[in-house]
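Novice: Dropping in run-v1.tsv, with TSV, C-alpha atoms.
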chain	number	residue	atom	x	y	z
I	1	MET	CA	-7.67	46.57	17.27
I	2	SER	CA	-5.41	48.41	19.67
I	3	GLY	CA	-1.70	48.90	19.44
I	4	ASN	CA	0.77	51.27	17.87
I	5	ASN	CA	-0.19	51.65	14.21
I	6	ASN	CA	3.45	52.12	13.28
I	7	SER	CA	4.63	48.93	14.97
I	8	TRP	CA	4.82	45.36	13.70
I	9	TYR	CA	2.86	43.94	16.62
I	10	ILE	CA	-0.45	44.41	18.43
I	11	ASP	CA	-0.07	44.72	22.18
I	12	GLN	CA	-2.54	46.55	24.36
I	13	THR	CA	-0.34	46.14	27.42
I	14	GLU	CA	2.55	48.08	25.91
I	15	ASN	CA	1.41	51.42	27.27
I	16	GLU	CA	0.08	50.23	30.62
I	17	GLU	CA	1.56	52.07	33.54
I	18	ILE	CA	4.66	50.34	34.82
I	19	ASP	CA	3.73	48.92	38.19
I	20	ILE	CA	6.30	50.06	40.71
I	21	SER	CA	5.07	50.12	44.29
I	22	PHE	CA	6.59	52.42	46.87
I	23	ARG	CA	9.11	50.79	49.16
I	24	GLU	CA	11.50	52.27	51.66
I	25	TYR	CA	15.15	51.67	50.92
I	26	ASP	CA	18.37	52.40	52.73
I	27	LEU	CA	20.66	53.51	49.89
I	28	THR	CA	24.03	55.18	49.84
I	29	SER	CA	25.51	56.96	46.84
I	30	ALA	CA	29.00	58.28	46.27
I	31	PRO	CA	30.45	60.18	43.28
I	32	ASN	CA	33.64	58.94	41.64
I	33	ASP	CA	35.45	60.49	38.71
I	34	PHE	CA	36.92	57.65	36.63
I	35	ASN	CA	39.02	58.48	33.60
I	36	ILE	CA	38.26	56.99	30.19
I	37	LYS	CA	41.10	54.45	30.29
I	38	THR	CA	39.97	53.17	33.71
I	39	ILE	CA	36.38	52.81	32.52
I	40	TYR	CA	37.55	50.87	29.47
I	41	ASP	CA	39.66	48.58	31.67
I	42	PHE	CA	36.67	48.02	33.99
I	43	ILE	CA	34.55	46.88	31.03
I	44	GLU	CA	37.28	44.65	29.61
I	45	SER	CA	37.91	42.95	32.95
I	46	GLY	CA	34.24	42.39	33.76
I	47	VAL	CA	34.33	44.61	36.87
I	48	LEU	CA	31.69	46.78	35.22
I	49	LYS	CA	28.71	44.94	33.77
I	50	ILE	CA	26.81	46.92	31.18
I	51	PRO	CA	23.12	46.32	30.46
I	52	GLY	CA	24.06	46.88	26.83
I	53	PHE	CA	25.15	43.23	26.87
I	54	GLN	CA	21.46	42.43	27.38
I	55	ARG	CA	19.84	45.25	25.42
I	56	ASN	CA	21.01	46.70	22.15
I	57	TYR	CA	23.37	49.53	21.44
I	58	VAL	CA	21.22	51.98	19.45
I	59	TRP	CA	23.30	55.07	18.69
I	60	ASP	CA	24.36	55.89	15.14
I	61	ILE	CA	27.96	56.81	14.36
I	62	LYS	CA	27.26	60.55	14.11
I	63	ARG	CA	25.82	60.71	17.61
I	64	ALA	CA	28.64	58.51	18.92
I	65	SER	CA	31.21	60.77	17.27
I	66	LYS	CA	29.75	63.87	18.92
I	67	LEU	CA	30.18	62.26	22.34
I	68	ILE	CA	33.84	61.44	21.64
I	69	GLU	CA	34.38	64.99	20.37
I	70	SER	CA	32.82	66.40	23.55
I	71	LEU	CA	35.16	64.32	25.70
I	72	ILE	CA	38.24	65.32	23.72
I	73	ILE	CA	37.54	69.07	23.83
I	74	GLY	CA	36.52	68.96	27.49
I	75	LEU	CA	32.79	69.58	27.30
I	76	PRO	CA	30.80	68.12	30.22
I	77	VAL	CA	28.83	64.94	29.58
I	78	PRO	CA	26.00	63.52	31.71
I	79	GLN	CA	27.00	61.49	34.75
I	80	VAL	CA	26.73	57.72	34.84
I	81	PHE	CA	24.97	55.68	37.53
I	82	LEU	CA	26.41	52.38	38.76
I	83	PHE	CA	24.88	49.88	41.18
I	84	GLU	CA	27.32	48.14	43.52
I	85	GLU	CA	26.44	44.44	43.46
I	86	GLY	CA	29.47	43.30	45.45
I	87	ARG	CA	33.14	44.01	46.00
I	88	ASN	CA	34.55	45.18	42.66
I	89	GLU	CA	31.26	44.25	40.98
I	90	PHE	CA	29.24	47.05	39.43
I	91	MET	CA	26.19	47.10	37.18
I	92	LEU	CA	25.55	50.07	34.94
I	93	ILE	CA	22.10	51.50	35.66
I	94	ASP	CA	22.19	54.53	33.39
I	95	GLY	CA	24.67	55.61	30.72
I	96	GLN	CA	25.27	52.45	28.71
I	97	GLN	CA	25.09	54.19	25.30
I	98	ARG	CA	27.84	56.59	26.40
I	99	LEU	CA	30.14	53.97	27.89
I	100	MET	CA	29.68	51.53	25.02
I	101	THR	CA	30.52	54.36	22.63
I	102	VAL	CA	33.80	54.90	24.50
I	103	TYR	CA	34.47	51.16	24.47
I	104	TYR	CA	33.86	50.81	20.73
I	105	PHE	CA	35.93	53.91	19.94
I	106	ILE	CA	38.95	52.55	21.77
I	107	LYS	CA	38.42	49.23	19.98
I	108	GLN	CA	38.24	51.31	16.76
I	109	ARG	CA	35.24	49.29	15.60
I	110	PHE	CA	31.63	50.41	15.23
I	111	PRO	CA	28.84	47.77	15.30
I	112	ARG	CA	26.61	47.36	12.27
I	113	LYS	CA	22.96	47.91	13.13
I	114	GLU	CA	21.72	44.55	11.82
I	115	LYS	CA	24.31	42.64	13.87
I	116	ARG	CA	23.94	44.34	17.25
I	117	THR	CA	21.73	41.70	18.82
I	118	GLU	CA	24.17	38.98	17.84
I	119	ILE	CA	27.13	41.04	19.06
I	120	ARG	CA	25.41	41.47	22.43
I	121	ARG	CA	24.85	37.71	22.63
I	122	ILE	CA	28.51	37.01	21.84
I	123	PHE	CA	29.64	39.56	24.43
I	124	ALA	CA	27.40	38.00	27.09
I	125	GLN	CA	28.60	34.51	26.23
I	126	GLU	CA	32.32	35.21	25.87
I	127	GLY	CA	32.74	38.11	28.29
I	128	SER	CA	34.34	40.06	25.46
I	129	ILE	CA	34.25	40.33	21.68
I	130	PRO	CA	36.71	37.92	20.03
I	131	ASP	CA	39.18	39.50	17.63
I	132	GLU	CA	37.82	37.49	14.71
I	133	ILE	CA	34.39	39.07	15.28
I	134	LEU	CA	35.79	42.57	15.86
I	135	HIS	CA	37.62	42.45	12.55
I	136	ASP	CA	34.82	40.79	10.61
I	137	LYS	CA	33.38	43.44	8.30
I	138	THR	CA	29.94	41.84	8.45
I	139	TYR	CA	29.78	42.70	12.17
I	140	PHE	CA	31.78	45.92	12.47
I	141	ARG	CA	33.13	48.77	10.44
I	142	ASP	CA	35.98	51.16	11.28
I	143	PHE	CA	35.12	53.74	13.93
I	144	GLU	CA	36.30	56.99	12.40
I	145	LEU	CA	34.81	60.19	13.81
I	146	LYS	CA	31.99	61.42	11.59
I	147	LEU	CA	31.86	65.13	12.37
I	148	SER	CA	30.50	67.98	10.32
I	149	GLU	CA	32.39	71.19	9.64
I	150	LYS	CA	30.43	74.42	9.60
I	151	LEU	CA	32.77	76.28	7.25
I	152	PRO	CA	35.00	74.81	4.53
I	153	GLU	CA	37.81	77.15	5.58
I	154	SER	CA	37.52	75.96	9.21
I	155	PRO	CA	37.86	72.18	9.07
I	156	ASN	CA	37.22	70.09	12.16
I	157	LYS	CA	40.62	68.73	13.15
I	158	LEU	CA	39.02	65.62	14.67
I	159	LYS	CA	37.05	64.59	11.59
I	160	ASN	CA	37.82	61.05	10.37
I	161	LEU	CA	40.29	60.39	13.18
I	162	LYS	CA	40.41	57.01	14.97
I	163	TYR	CA	41.58	56.28	18.49
I	164	THR	CA	45.10	55.43	17.36
I	165	THR	CA	45.35	58.51	15.12
I	166	LEU	CA	44.25	61.08	17.74
I	167	GLY	CA	47.86	62.18	18.05
I	168	GLU	CA	48.17	65.06	20.53
I	169	TYR	CA	44.55	64.54	21.63
I	170	LYS	CA	44.96	60.90	22.69
I	171	THR	CA	46.41	61.50	26.15
I	172	SER	CA	43.81	64.11	27.05
I	173	PHE	CA	41.08	61.74	25.89
I	174	ASP	CA	42.45	58.83	27.96
I	175	LEU	CA	42.64	61.01	31.06
I	176	ARG	CA	39.27	62.73	30.61
I	177	THR	CA	36.98	61.81	33.50
I	178	ILE	CA	33.29	60.93	33.61
I	179	ARG	CA	31.40	61.33	36.86
I	180	ASN	CA	30.15	57.95	38.10
I	181	VAL	CA	27.59	57.89	40.91
I	182	ILE	CA	27.89	54.55	42.71
I	183	ILE	CA	24.72	53.43	44.47
I	184	LYS	CA	24.63	50.70	47.10
I	185	GLN	CA	21.49	49.15	48.58
I	186	ASN	CA	21.88	48.49	52.30
I	187	LEU	CA	18.25	47.60	53.06
I	188	PRO	CA	16.36	45.44	52.23
I	189	PRO	CA	19.43	43.17	52.08
I	190	ASN	CA	20.25	40.64	49.36
I	191	ASP	CA	17.49	41.49	46.88
I	192	ASN	CA	18.82	44.46	44.84
I	193	SER	CA	15.19	45.42	44.15
I	194	ALA	CA	16.09	49.11	44.10
I	195	ILE	CA	17.77	48.62	40.71
I	196	TYR	CA	14.45	48.48	38.86
I	197	GLU	CA	13.05	51.61	40.49
I	198	ILE	CA	16.25	53.58	39.95
I	199	PHE	CA	16.59	52.39	36.36
I	200	TYR	CA	12.95	53.25	35.59
I	201	ARG	CA	12.98	56.66	37.26
I	202	LEU	CA	16.23	57.70	35.57
I	203	ASN	CA	14.66	56.82	32.22
I	204	SER	CA	11.19	58.27	32.83
I	205	GLY	CA	12.00	61.42	30.87
I	206	GLY	CA	13.22	61.95	27.32
I	207	VAL	CA	13.41	58.74	25.32
I	208	VAL	CA	11.81	56.28	27.71
I	209	LEU	CA	13.11	52.74	27.70
I	210	LYS	CA	10.57	50.05	26.97
I	211	PRO	CA	9.63	47.77	29.91
I	212	GLN	CA	11.41	44.82	28.26
I	213	GLU	CA	14.63	46.81	27.88
I	214	ILE	CA	14.59	47.55	31.60
I	215	ARG	CA	13.48	44.01	32.46
I	216	SER	CA	16.27	42.44	30.39
I	217	SER	CA	18.85	44.47	32.25
I	218	VAL	CA	17.50	44.13	35.78
I	219	TYR	CA	16.60	40.43	35.60
I	220	HIS	CA	19.41	39.24	33.37
I	221	SER	CA	20.02	35.52	33.85
I	222	LYS	CA	20.94	32.30	32.07
I	223	PHE	CA	17.25	32.06	31.14
I	224	TYR	CA	17.42	35.45	29.44
I	225	GLU	CA	20.56	34.43	27.58
I	226	MET	CA	18.51	31.52	26.25
I	227	LEU	CA	15.71	33.90	25.16
I	228	PHE	CA	18.23	35.93	23.16
I	229	ARG	CA	19.58	32.77	21.52
I	230	VAL	CA	16.23	31.38	20.41
I	231	ASN	CA	15.21	34.82	19.17
I	232	LEU	CA	17.81	34.33	16.43
I	233	ASN	CA	16.26	31.03	15.30
I	234	PRO	CA	15.78	31.49	11.51
I	235	THR	CA	12.40	29.71	11.56
I	236	TRP	CA	11.18	32.00	14.35
I	237	ARG	CA	12.23	35.06	12.32
I	238	ILE	CA	10.15	33.72	9.41
I	239	LEU	CA	7.13	33.01	11.61
I	240	ILE	CA	6.99	36.61	12.84
I	241	ASN	CA	8.02	38.05	9.48
I	242	ARG	CA	10.93	40.05	10.94
I	243	PRO	CA	14.33	39.16	9.43
I	244	ASN	CA	16.29	41.14	12.04
I	245	PRO	CA	15.82	41.25	15.82
I	246	ASP	CA	14.00	44.26	17.25
I	247	LEU	CA	16.36	46.86	18.74
I	248	HIS	CA	13.95	47.43	21.64
I	249	LEU	CA	13.57	43.70	22.39
I	250	LYS	CA	9.86	43.39	21.64
I	251	ASP	CA	10.44	40.02	19.97
I	252	VAL	CA	12.24	38.82	23.11
I	253	GLU	CA	9.23	39.96	25.15
I	254	ILE	CA	6.92	37.93	22.90
I	255	ILE	CA	8.93	34.77	23.61
I	256	LEU	CA	9.05	35.64	27.31
I	257	ARG	CA	5.26	36.03	27.45
I	258	GLY	CA	4.80	32.62	25.88
I	259	PHE	CA	6.97	30.95	28.52
I	260	ALA	CA	5.40	32.97	31.33
I	261	MET	CA	1.92	31.80	30.29
I	262	LEU	CA	3.11	28.23	29.81
I	263	ILE	CA	4.59	28.04	33.30
I	264	GLU	CA	2.63	30.54	35.40
I	265	ALA	CA	-0.75	31.14	33.69
I	266	ASP	CA	-2.61	29.68	36.68
I	267	ASN	CA	-1.09	32.40	38.87
I	268	TYR	CA	-1.70	35.26	36.44
I	269	LYS	CA	-3.18	38.51	37.64
I	270	PRO	CA	-2.80	42.00	36.17
I	271	SER	CA	-0.79	43.95	35.35
I	272	MET	CA	1.03	42.18	32.52
I	273	THR	CA	4.17	44.22	33.29
I	274	LYS	CA	4.19	43.11	36.92
I	275	PHE	CA	3.46	39.51	35.90
I	276	LEU	CA	6.42	39.44	33.50
I	277	ASN	CA	8.68	41.14	36.05
I	278	ASN	CA	7.81	38.55	38.70
I	279	PHE	CA	8.30	35.70	36.25
I	280	SER	CA	11.66	37.12	35.14
I	281	HIS	CA	12.78	37.33	38.76
I	282	LYS	CA	11.71	33.72	39.31
I	283	ALA	CA	13.53	32.65	36.13
I	284	LYS	CA	16.85	33.74	37.66
I	285	SER	CA	16.66	30.58	39.79
I	286	PHE	CA	15.93	28.18	36.90
I	287	THR	CA	18.49	25.37	36.66
I	288	GLU	CA	20.67	24.93	33.59
I	289	VAL	CA	18.91	21.64	32.89
I	290	SER	CA	15.52	23.38	32.88
I	291	ILE	CA	16.78	26.18	30.67
I	292	GLU	CA	18.22	23.70	28.19
I	293	TYR	CA	14.84	21.95	28.10
I	294	PHE	CA	12.97	25.22	27.52
I	295	GLU	CA	15.30	26.08	24.64
I	296	THR	CA	14.77	22.71	23.00
I	297	LEU	CA	11.01	22.94	23.58
I	298	PHE	CA	10.83	26.36	21.94
I	299	ASN	CA	12.78	25.15	18.92
I	300	ALA	CA	10.48	22.13	18.64
I	301	PHE	CA	7.51	24.49	18.78
I	302	VAL	CA	8.71	26.79	16.01
I	303	ASN	CA	9.66	23.85	13.80
I	304	GLU	CA	6.13	22.49	14.15
I	305	ALA	CA	4.44	25.90	13.91
I	306	HIS	CA	6.17	26.41	10.59
I	307	ASN	CA	3.56	24.00	9.21
I	308	PHE	CA	1.00	26.74	9.79
I	309	GLY	CA	2.73	28.60	6.96
I	310	ASN	CA	5.21	31.44	6.66
I	311	ALA	CA	4.52	34.35	9.00
I	312	ALA	CA	2.15	32.07	10.89
I	313	PHE	CA	1.39	34.58	13.61
I	314	VAL	CA	1.18	37.66	11.41
I	315	SER	CA	-2.15	38.99	10.14
I	316	SER	CA	-2.34	39.05	6.36
I	317	LYS	CA	-4.48	42.21	6.62
I	318	THR	CA	-2.40	44.29	9.03
I	319	ASN	CA	1.01	42.57	8.68
I	320	ARG	CA	1.26	42.66	12.48
I	321	ILE	CA	1.55	39.94	15.09
I	322	ASN	CA	-1.06	39.80	17.85
I	323	ILE	CA	0.96	38.96	20.95
I	324	SER	CA	-2.07	37.84	22.95
I	325	ALA	CA	-2.94	35.33	20.24
I	326	TYR	CA	0.65	34.10	20.02
I	327	GLU	CA	1.06	33.40	23.73
I	328	SER	CA	-2.23	31.44	23.75
I	329	ILE	CA	-1.15	29.34	20.77
I	330	PHE	CA	2.29	28.72	22.27
I	331	LYS	CA	0.79	27.47	25.54
I	332	ALA	CA	-1.81	25.33	23.76
I	333	MET	CA	0.82	23.62	21.62
I	334	THR	CA	3.41	23.04	24.34
I	335	GLN	CA	1.53	22.48	27.59
I	336	ASN	CA	1.26	18.70	27.30
I	337	ALA	CA	4.93	18.40	26.43
I	338	PHE	CA	5.82	20.63	29.40
I	339	LYS	CA	3.56	18.66	31.76
I	340	ASN	CA	5.04	15.34	30.64
I	341	GLU	CA	8.60	16.69	30.40
I	342	ASN	CA	9.01	15.69	26.77
I	343	LEU	CA	9.24	17.49	23.41
I	344	ILE	CA	6.08	16.18	21.78
I	345	VAL	CA	4.35	19.43	20.87
I	346	LYS	CA	0.83	19.51	19.44
I	347	LYS	CA	0.57	19.12	15.66
I	348	ALA	CA	0.15	22.33	13.72
I	349	ILE	CA	-2.97	21.97	11.58
I	350	PRO	CA	-3.50	25.09	9.43
I	351	GLU	CA	-7.28	24.61	9.26
I	352	ASN	CA	-7.52	24.58	13.06
I	353	LEU	CA	-5.48	27.77	13.29
I	354	GLN	CA	-7.85	29.52	10.89
I	355	ILE	CA	-10.85	28.35	12.92
I	356	LEU	CA	-9.24	29.70	16.09
I	357	LEU	CA	-8.38	33.07	14.57
I	358	ALA	CA	-11.97	33.42	13.32
I	359	ASP	CA	-13.58	32.44	16.64
I	360	GLU	CA	-15.52	35.41	18.04
I	361	GLU	CA	-14.72	34.69	21.67
I	362	PHE	CA	-11.03	34.29	20.89
I	363	ILE	CA	-10.98	37.52	18.87
I	364	LYS	CA	-12.63	39.42	21.71
I	365	ALA	CA	-10.20	37.99	24.27
I	366	THR	CA	-7.20	39.00	22.15
I	367	GLU	CA	-8.36	42.45	21.11
I	368	SER	CA	-9.90	44.08	24.19
I	369	ASP	CA	-8.83	44.18	27.84
I	370	THR	CA	-6.09	41.75	26.90
I	371	ALA	CA	-4.40	41.97	30.32
I	372	GLY	CA	-7.62	41.15	32.17
I	373	SER	CA	-7.58	37.82	33.99
I	374	LYS	CA	-10.84	36.59	32.42
I	375	ASN	CA	-9.68	37.28	28.87
I	376	VAL	CA	-6.27	35.70	29.47
I	377	GLU	CA	-8.02	32.56	30.72
I	378	LYS	CA	-10.61	32.63	27.91
I	379	ARG	CA	-8.15	32.89	25.02
I	380	ILE	CA	-5.95	30.13	26.44
I	381	GLN	CA	-8.96	27.85	26.89
I	382	LYS	CA	-10.09	28.53	23.32
I	383	ALA	CA	-6.63	27.86	21.88
I	384	ILE	CA	-6.39	24.55	23.75
I	385	GLN	CA	-9.89	23.53	22.71
I	386	ILE	CA	-9.61	24.37	19.00
I	387	LEU	CA	-5.98	23.53	18.27
What would the structure in this file look like if it were written as C-alpha cells?

Specialist:
Amino acid sequence: MSGNNNSWYIDQTENEEIDISFREYDLTSAPNDFNIKTIYDFIESGVLKIPGFQRNYVWDIKRASKLIESLIIGLPVPQVFLFEEGRNEFMLIDGQQRLMTVYYFIKQRFPRKEKRTEIRRIFAQEGSIPDEILHDKTYFRDFELKLSEKLPESPNKLKNLKYTTLGEYKTSFDLRTIRNVIIKQNLPPNDNSAIYEIFYRLNSGGVVLKPQEIRSSVYHSKFYEMLFRVNLNPTWRILINRPNPDLHLKDVEIILRGFAMLIEADNYKPSMTKFLNNFSHKAKSFTEVSIEYFETLFNAFVNEAHNFGNAAFVSSKTNRINISAYESIFKAMTQNAFKNENLIVKKAIPENLQILLADEEFIKATESDTAGSKNVEKRIQKAIQIL
C-alpha cells in the first residue's frame, strides 16, 4: 500500500502535484510598514483576517520567543503578504505564524498544542477569544519568553519577561514595524483566484504547506466552519483512532472528501487536489440550511458507523486509515439519505464491512491509482453493492 509510512493515514493523492494552471492576472502590490500595535489592533478589529483562524498555529514557545526577541532588539524579520479583499478588509496570505505569535504575546497567553484546533474554531465563531477561554489553563498558559543564555555570567535580559513586564523595551516593541506587502487583484474581477496561486508559490520552498492547509485558508466558508466543528465529534475521533485533531488538517480533508464524493462523484475527474479545490469553491455558496443538514447527516453517519466497532476505518494491521475506503463507505451509507433529504443512513453491519474490505476489486481500487476515475467509480460501486 502507498502512503507515508510515518503517517496515520493512507493517501496516494497526498503527493500529487498541485494543479495550478497558468492564468494572466492584473495585480498591484504596495509595501506598508505597520507597527506591532497597529497590527494587533487590525487583528482585534477584524480588519485583518488571518488564515490561522482556519488552520492551526504550529509554533512552539521557544520559536515564538525568538521572534519576539528579534523584534525587540531590532533584527529584521521576513515580510508579510496581505491580500486586499475590499476597503479595510485584508486576508493574510503569508506570515500567519509570525503575526499570531505577536497577537498571543500581547495577550500574554500561549495556546496549548492539544487545544489549538478548538481555539481556532472559537476564534472563527466569536471573532475573538473570550476572556474566560484566554484565562482557562486548559486552553492557554502564560506567554513568558523562553530564551536561552549562552553564558551564565551574561544572562539574557528578556528571559521570562511577559508583554506587561517588558519595562523599557515595551515602547520599542510596540513601535517596531513589520513590512506588509498588500496585493490587490484587478483582473479577473470579483473572483480573487490569485490568492491560491500566491499562497502556494510563497509556500513552495522550505516547510511546504499541505494542500488542505492552503485550501482551508483560500476557500474558507460557513461550510468549512462546519467541517471543523464535526471534526471534534468525539465519536468521529474514536472511529479514526485519533484523540486530537491533526495540526495539518488531514482529518478535515478526510471529511471533505467524503462530502465531495457524496455530492459531486458523478462529476469527478482527476486530479483529486483540483476536484477538492473546485468543490470547496462551490461550497462557499452553500446555504445555511444545507450546511446545517450536512452537519446533522455527518453526525448521524458517525453514530451509525460506530456500530462497525471502535476505530472502524483503521486497519488493525497498519493502524492507519485508508482515505479512499472511507470516502466510498461514507457515500454508500449516506447517499439515499442525501437523495431523499432525510437522515436515514444505511445500517452499519460489521460483517458487511469485513466482506467489503476483503473484496479484491475494492482493495485494488483503494490501493492503486486511487485518483483515477475508473477506480473512484469502482470502489464506490462496490461499497454501495456490499454495504

Novice: Find the distance between atom CA of I:Thr318 and atom CA of I:Ser7 and write it in Å to one decimal.

Specialist: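 Answer for the atom CA of I:Thr318 to atom CA of I:Ser7 separation: 10.3 Å.
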
Novice: Dump as a Markdown table the rows for residues of stretch 125-147 of chain I within 12 Å of stretch 69-80 of chain I: closest atom pair and distance in Å with one decimal, all atoms listed in the file counted, ordered by chain and rising residue number.

Specialist:
| residue | atom | partner | partner_atom | distance |
| --- | --- | --- | --- | --- |
| I:Glu144 | CA | I:Glu69 | CA | 11.5 |
| I:Leu145 | CA | I:Glu69 | CA | 8.1 |
| I:Lys146 | CA | I:Glu69 | CA | 9.8 |
| I:Leu147 | CA | I:Glu69 | CA | 8.4 |

Novice: Any idea what's packed within 10 Å of I:Phe330, counting all atoms listed in the file, ignoring anything in its chain fewer than 3 positions away? Could you give it as a PyMOL selection string?

Specialist: chain I and resi 255+257-259+261-262+298+301-302+305+325-327+333-335+345-346+380+383-384

Novice: Between I:Ala312, I:Ile50, I:Ile214, I:Val289, single out the one closest to I:Ser128, counting only C-alpha atoms.

Specialist: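 Going through I:Ala312, I:Ile50, I:Ile214, I:Val289 one by one, the smallest distance to I:Ser128 is for I:Ile50.
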
Novice: Have a look at I:Glu213, I:Asp266, I:Glu225, I:Asp369 and name the one nearest to I:Gln125; count all atoms listed in the file.

Specialist: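 Result for the nearest residue to I:Gln125: I:Glu225.
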
Novice: Neighbours of I:Phe362 within 7 Å (all atoms listed in the file; same-chain residues fewer than 5 positions away dropped), as a list in words?

Specialist: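 In the requested format, the answer is Leu356, Leu357, Arg379 and Lys382 of chain I.
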
Novice: Just C-alpha atoms for this one: save the residues we selected as an mmCIF file, in the coordinates of the input.

Specialist:
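Result saved to out03.cif:
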data_model
loop_
_atom_site.group_PDB
_atom_site.id
_atom_site.type_symbol
_atom_site.label_atom_id
_atom_site.label_comp_id
_atom_site.auth_asym_id
_atom_site.auth_seq_id
_atom_site.Cartn_x
_atom_site.Cartn_y
_atom_site.Cartn_z
ATOM 1 C CA LEU I 356 -9.240 29.700 16.090
ATOM 2 C CA LEU I 357 -8.380 33.070 14.570
ATOM 3 C CA ARG I 379 -8.150 32.890 25.020
ATOM 4 C CA LYS I 382 -10.090 28.530 23.320
#

Novice: Show me as a list in words the residues that reach within 12 Å of (16.2, 56.4, 54.6), counting all atoms listed in the file and using the file's own coordinates.

Specialist: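 Residues with an atom close enough to that point: Arg23, Glu24, Tyr25, Asp26, Leu27, Thr28, Gln185, Asn186, Leu187 and Pro188 of chain I.
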
Novice: Counting only C-alpha atoms, which residue out of I:Gly46, I:Pro111, I:Gly95, I:Pro155 sits closest to I:Ile61?

Specialist: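 Residue with the minimum atom-to-atom distance to I:Ile61: I:Pro111.
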
Novice: Do you have the atom CA of I:Met100-atom CA of I:Tyr57 distance handy?

Specialist: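 Computed distance, atom CA of I:Met100 to atom CA of I:Tyr57, equals 7.5 Å.
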